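Structure first, then comments.
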Amino acid sequence: MNGVMPNAARGIQINKSGFKICATNYVFANSAAAAYQDCSSFELPMPISGSYGFTKDGDGTVTLSGAYTAGDIVVANGTLHIAATASFPAGQNISVAAGASLIAHQSLDGFNVSGAGTVERVLDPLVVTYDDSTHTATAIARGSSYQIPEGVTQPISFSESVALPLHVAPARQEVLTVAAGAADLSADDFVDATEKTYGLPKTSFTVEKDGAGVQHVYLTIRPVVVSKATFPANVGINGNAETWSNGSAAQEGFDYLITNTVNGIENVAFAGDSLTIANADVYSREHSTISSATIYPGNTLRQNDSSGGGRWTVTGNICIAGEYGGSKYLTFQARYKGGYHRLSANLSGAGPLKLVGAGVDAGIVGGHPLGSPQLYGDNSAYLGRMYVTYSDNNRTEYDGTPFGFNSVDALGGALDEFKFDSLELNRYSMMCPAESMTFSTENRGIYGSGPFGFDVTNGVTFRVGVPIRMASDMYKHGGGDLLLGGAISFGADGAGASGTCYVREGGIGALADTAVAGLDVVFSNGTKIILSPEATLANGFTGVSFEPADAAVSVSVAGGSSALAGEKFTAVIATVPTSAGDLSSRFELEEIKGFTGTIVTESVTEGDIPCTRYSAKYSHSGLVIIFK
């Protein structure tokens with residue numbers, strides 16, 4: 001069960017070693033059926049005695065809130081809470097393993113805490129009596145000994161949530177008084193823990209000291225206006241008297257909550273101080289600005305239908321609410337053939353973002369067959385995952401969703417731990433960098449859950465330094481160059497043996513053997529292998545074939561003669577089984593001024609398989625004069 005365990009008057013006595021307290025999800029099976037039981041978070045309020053201690057196991061949470069005298073504690077997994085009501089003997093030993101955490105709701109002075117895990121000190125909320133009908137709070141009083149530990153914040157919570165809408169903010173509410181003589185407090189010492197409606201209303205703290213030295217803590221609540229009807233077509237995001245609960249169009253001084261469909265945002269900036277969107281679809285037209293918005297997963301920002309163009313931009317600052325692994329997305333959809341829907345807003349938050357391409361016949365002729373969702377903002381503060389797909393399954397490698405971006409920061413910020421699916425591509429979605437860049441953001445990966453690839457424009461070089469996991473085929477389109485440097489893995493679980501990449505246009509190169517190990521590369525005629533002086537390759541490509549069978553590829557050095565240092569340069573192209581025959585004639589070295597290039601072969605054995613290693617060897621040509 002979850003919650004507080006009953007029978008607190010009964011105790012637990014640990015009289016043998018090896019005792020564990022587990023918190024996780026269980027499946028109990030019997031001959032009739034399997035029953036799921038959630039035991040991921042529970043509290044033990046009873047006394048626990050003995051001398052053998054226990055190990056906290058499982059990825060869930062256990063809270064100790066009674067008298068504990070049972071010996072050493074090891075937090076091996078998940079989280080152990082020490083409640084403010086719990087008592088322990090002096091010198092209590094607690095070891096916290098790496099990846100586990102200890103959260104103390106009381107001072108840890110007198111404890112002996114060790115280990116590489118996380119240890120956090122928190123304070124339980126101060127609950128302030130609040131009457132929502134009169135918008136009044138009854139302040140809590142504390143004596144001169146009251147203090148907040150350094151680096152810790154004091155949560156303050158109203159006894160009931162503030163109902164919305166709240167058209168006129170009540171006078172600021174006094175929530176706490178601290179007698180004279182106490183340490184000075186500041187607004188940063190407090191956090192509002194009151195239950196919110198989509199994060200609203202927004203609040204702020206202030207602290208004032210009167211002439212007698214008494215400190216007064218105030219909570220100021222901002223007014224909130226709520227949408228009450230679907231926005232008529234072309235009214236715009238600022239609405240009118242009929243769309244908002246206060247009977248006025250959006251204006252400064254208010255925070256706004258939309259829970260209804262908005263049919264058109266057209267060449268306008270949102271006039272309110274902030275906007276929260278929940279359970280609503282928003283259709284944008286042309287250029288629109290949302291200066292400060294929080295959008296919850298489950299909503300959609302899409303291009304409105306129109307025959308007047310298909311290149312529209314949303315700017316501003318948008319926080320995507322939620323957690324990294326959430327099942328719902330904020331969907332950003334491009335709907336014009338040959339056009340784009342550009343999200344130039346700066347993203348933050350951790351909720352999931354879905355980028356969708358869709359073709360709409362709206363008088364658009366030429367260009368890409370689908371609309372392109374694009375990220376052109378500084379999203380380095382965004383800690384969520386992105387999923388790029390198309391609105392149905394009937395796609396090919398030539399008409400999948402083109403996903404455009406203009407910088408590495410557009411792809412999100414560094415994460416605390418590695419996420420292989422931080423950018424998931426499906427249904428022939430193609431990454432389309434607008435300019436040369438290196439994608440190596442810490443702890444982010446690319447996951448091809450369905451057919452996916454890279455469409456790199458001629459003249460652009462896209463270096464991929466993050467790991468790639470392939471659960472389907474990969475494609476390379478466009479005349480530009482793709483250089484792979486992150487470790488590659490295969491299958492939905494990353495445990496597969498190999499995968500296939502089809503190079504249809506432009507060039508592809510390896511910056512590390514781990515980036516192409518197990519990758520079978522099929523080269524179309526006229527494509528190119530890029531050798532990079534920055535790479536240290538022992539094997540290069542390990543699976544090479546051609547389509548058609550008599551096709552040949554050119555081999556070039558990134559940067560040309562300016563990249564070659566010294567008089568000689570040798571780089572591995574590929575190491576393939578000897579059974580594939582002699583491929584020397586299939587690799588055509590591009591000319592580099594001042595150098596002579598040749599294909600060199602070498603017989604090697606890889607995993608007991610006879611192989612041929614093909615390398616490109618360059619040396620200075622013509623007369624060489626050496627001065628000593």
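Identifiers for the structure tokens are assigned positionally: chains receive A, B, ... in sequence, residues are indexed from 1 per chain, and ligands are indexed from 1 in the order shown.
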Test item: residues at most 6 Å from Phe42 in chain A, only C-alpha atoms, excluding those fewer than 5 positions along its chain, as a count of residues only
4
Selection: 9 Å around Ile94 in chain A, only C-alpha atoms, excl. self and same-chain fewer than 6 positions, as JSON, numbers by chain:
{"A": [72, 73, 74, 75, 102, 111, 112, 113, 114, 115]}
Give me the residues near Thr129 in chain A as a ChimeraX atom specification, where near means some atom within 8 Å (using only C-alpha atoms) and where sequence neighbours in that chain fewer than 6 positions away do not count.
/A:137-139,158-160
Might you pull out every residue within 10 Å of range 409-411 of chain A, with only C-alpha atoms counted and same-chain residues fewer than 2 positions away left off, and present them as JSON, numbers by chain?
{"A": [343, 344, 345, 346, 347, 374, 375, 376, 377, 378, 379, 380, 381, 382, 383, 384, 385, 386, 404, 405, 406, 407, 413, 414, 422, 423, 439, 441, 444]}
Please provide as a ChimeraX atom specification all residues within 12 Å of Ser584 in chain A, with the sequence filter that same-chain residues fewer than 6 positions apart are discarded (counting only C-alpha atoms).
/A:552-555,573-576,578,598-602,612-616
Residues near Ser133 in chain A, anyone? I mean within 12 Å using only C-alpha atoms, not counting same-chain ones fewer than 6 positions away, as an mmCIF file with N, CA and C atoms, in the first residue's frame.
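See part13.cif below for the written result:
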```cif
data_model
loop_
_atom_site.group_PDB
_atom_site.id
_atom_site.type_symbol
_atom_site.label_atom_id
_atom_site.label_comp_id
_atom_site.auth_asym_id
_atom_site.auth_seq_id
_atom_site.Cartn_x
_atom_site.Cartn_y
_atom_site.Cartn_z
ATOM 1 N N GLU A 160 -6.277 26.323 1.857
ATOM 2 C CA GLU A 160 -7.068 25.968 0.688
ATOM 3 C C GLU A 160 -6.528 26.720 -0.523
ATOM 4 N N SER A 161 -6.761 26.175 -1.695
ATOM 5 C CA SER A 161 -6.255 26.800 -2.910
ATOM 6 C C SER A 161 -7.055 28.062 -3.220
ATOM 7 N N VAL A 162 -6.460 28.958 -4.007
ATOM 8 C CA VAL A 162 -7.108 30.211 -4.399
ATOM 9 C C VAL A 162 -7.925 29.955 -5.651
ATOM 10 N N ALA A 163 -9.237 30.206 -5.588
ATOM 11 C CA ALA A 163 -10.120 29.935 -6.716
ATOM 12 C C ALA A 163 -9.890 30.944 -7.832
ATOM 13 N N LEU A 164 -10.030 30.462 -9.075
ATOM 14 C CA LEU A 164 -9.922 31.317 -10.256
ATOM 15 C C LEU A 164 -11.276 31.391 -10.942
ATOM 16 N N LEU A 166 -9.551 35.403 -10.630
ATOM 17 C CA LEU A 166 -9.314 36.337 -9.534
ATOM 18 C C LEU A 166 -9.042 37.686 -10.189
ATOM 19 N N PRO A 170 -6.397 40.564 -4.078
ATOM 20 C CA PRO A 170 -6.615 41.076 -2.725
ATOM 21 C C PRO A 170 -5.354 41.785 -2.238
#
```
Take CA of Leu126 in chain A and CA of Pro155 in chain A and report the distance between them in Å, one decimal.
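The value is 6.3 Å.
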How would you write, as a list in words, the set of residues in range 362-589 of chain A that DSSP gives as helix (DSSP H, G or I)?
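After running DSSP on the backbone, range 362-589 of chain A has helix (DSSP H, G or I) at Asp409, Ala410, Leu411, Asp513, Thr514, Ala515, Gly560, Ser561, Ser562, Ala563, Thr578, Ser579, Ala580, Ser584, Ser585 and Arg586 of chain A.
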Keeping only N, CA and C atoms, take the residues you just selected and write them out as a PDB file, in the first residue's frame.
```pdb
ATOM      1  N   ASP A 409      21.858  25.204 -29.857  1.00  0.00           N
ATOM      2  CA  ASP A 409      21.035  25.594 -28.713  1.00  0.00           C
ATOM      3  C   ASP A 409      19.551  25.378 -28.980  1.00  0.00           C
ATOM      4  N   ALA A 410      19.158  25.374 -30.245  1.00  0.00           N
ATOM      5  CA  ALA A 410      17.751  25.136 -30.572  1.00  0.00           C
ATOM      6  C   ALA A 410      17.325  23.726 -30.210  1.00  0.00           C
ATOM      7  N   LEU A 411      18.280  22.802 -30.061  1.00  0.00           N
ATOM      8  CA  LEU A 411      17.973  21.396 -29.789  1.00  0.00           C
ATOM      9  C   LEU A 411      17.889  21.075 -28.306  1.00  0.00           C
ATOM     10  N   ASP A 513      35.412   5.306 -34.654  1.00  0.00           N
ATOM     11  CA  ASP A 513      34.949   3.969 -35.037  1.00  0.00           C
ATOM     12  C   ASP A 513      33.637   3.621 -34.364  1.00  0.00           C
ATOM     13  N   THR A 514      33.462   4.051 -33.120  1.00  0.00           N
ATOM     14  CA  THR A 514      32.231   3.712 -32.387  1.00  0.00           C
ATOM     15  C   THR A 514      31.001   4.365 -33.010  1.00  0.00           C
ATOM     16  N   ALA A 515      31.214   5.371 -33.858  1.00  0.00           N
ATOM     17  CA  ALA A 515      30.080   6.062 -34.484  1.00  0.00           C
ATOM     18  C   ALA A 515      29.515   5.283 -35.658  1.00  0.00           C
ATOM     19  N   GLY A 560      40.285  20.097 -47.394  1.00  0.00           N
ATOM     20  CA  GLY A 560      41.227  20.059 -48.496  1.00  0.00           C
ATOM     21  C   GLY A 560      42.671  20.203 -48.049  1.00  0.00           C
ATOM     22  N   SER A 561      43.490  20.829 -48.884  1.00  0.00           N
ATOM     23  CA  SER A 561      44.927  20.937 -48.612  1.00  0.00           C
ATOM     24  C   SER A 561      45.219  21.730 -47.341  1.00  0.00           C
ATOM     25  N   SER A 562      44.343  22.674 -46.988  1.00  0.00           N
ATOM     26  CA  SER A 562      44.579  23.478 -45.782  1.00  0.00           C
ATOM     27  C   SER A 562      44.469  22.645 -44.511  1.00  0.00           C
ATOM     28  N   ALA A 563      43.794  21.483 -44.604  1.00  0.00           N
ATOM     29  CA  ALA A 563      43.627  20.631 -43.423  1.00  0.00           C
ATOM     30  C   ALA A 563      44.761  19.625 -43.270  1.00  0.00           C
ATOM     31  N   THR A 578      36.802  -9.683 -46.680  1.00  0.00           N
ATOM     32  CA  THR A 578      37.450  -9.961 -47.965  1.00  0.00           C
ATOM     33  C   THR A 578      36.481 -10.594 -48.950  1.00  0.00           C
ATOM     34  N   SER A 579      35.463 -11.267 -48.433  1.00  0.00           N
ATOM     35  CA  SER A 579      34.475 -11.913 -49.302  1.00  0.00           C
ATOM     36  C   SER A 579      33.716 -10.923 -50.161  1.00  0.00           C
ATOM     37  N   ALA A 580      33.757  -9.632 -49.808  1.00  0.00           N
ATOM     38  CA  ALA A 580      33.062  -8.613 -50.611  1.00  0.00           C
ATOM     39  C   ALA A 580      33.785  -8.327 -51.913  1.00  0.00           C
ATOM     40  N   SER A 584      38.677  -1.496 -54.371  1.00  0.00           N
ATOM     41  CA  SER A 584      39.592  -0.370 -54.597  1.00  0.00           C
ATOM     42  C   SER A 584      39.092   0.567 -55.677  1.00  0.00           C
ATOM     43  N   SER A 585      38.552  -0.010 -56.759  1.00  0.00           N
ATOM     44  CA  SER A 585      38.115   0.829 -57.874  1.00  0.00           C
ATOM     45  C   SER A 585      36.838   1.603 -57.565  1.00  0.00           C
ATOM     46  N   ARG A 586      36.166   1.249 -56.475  1.00  0.00           N
ATOM     47  CA  ARG A 586      34.914   1.942 -56.115  1.00  0.00           C
ATOM     48  C   ARG A 586      35.182   3.238 -55.361  1.00  0.00           C
TER      49      ARG A 586
END
```
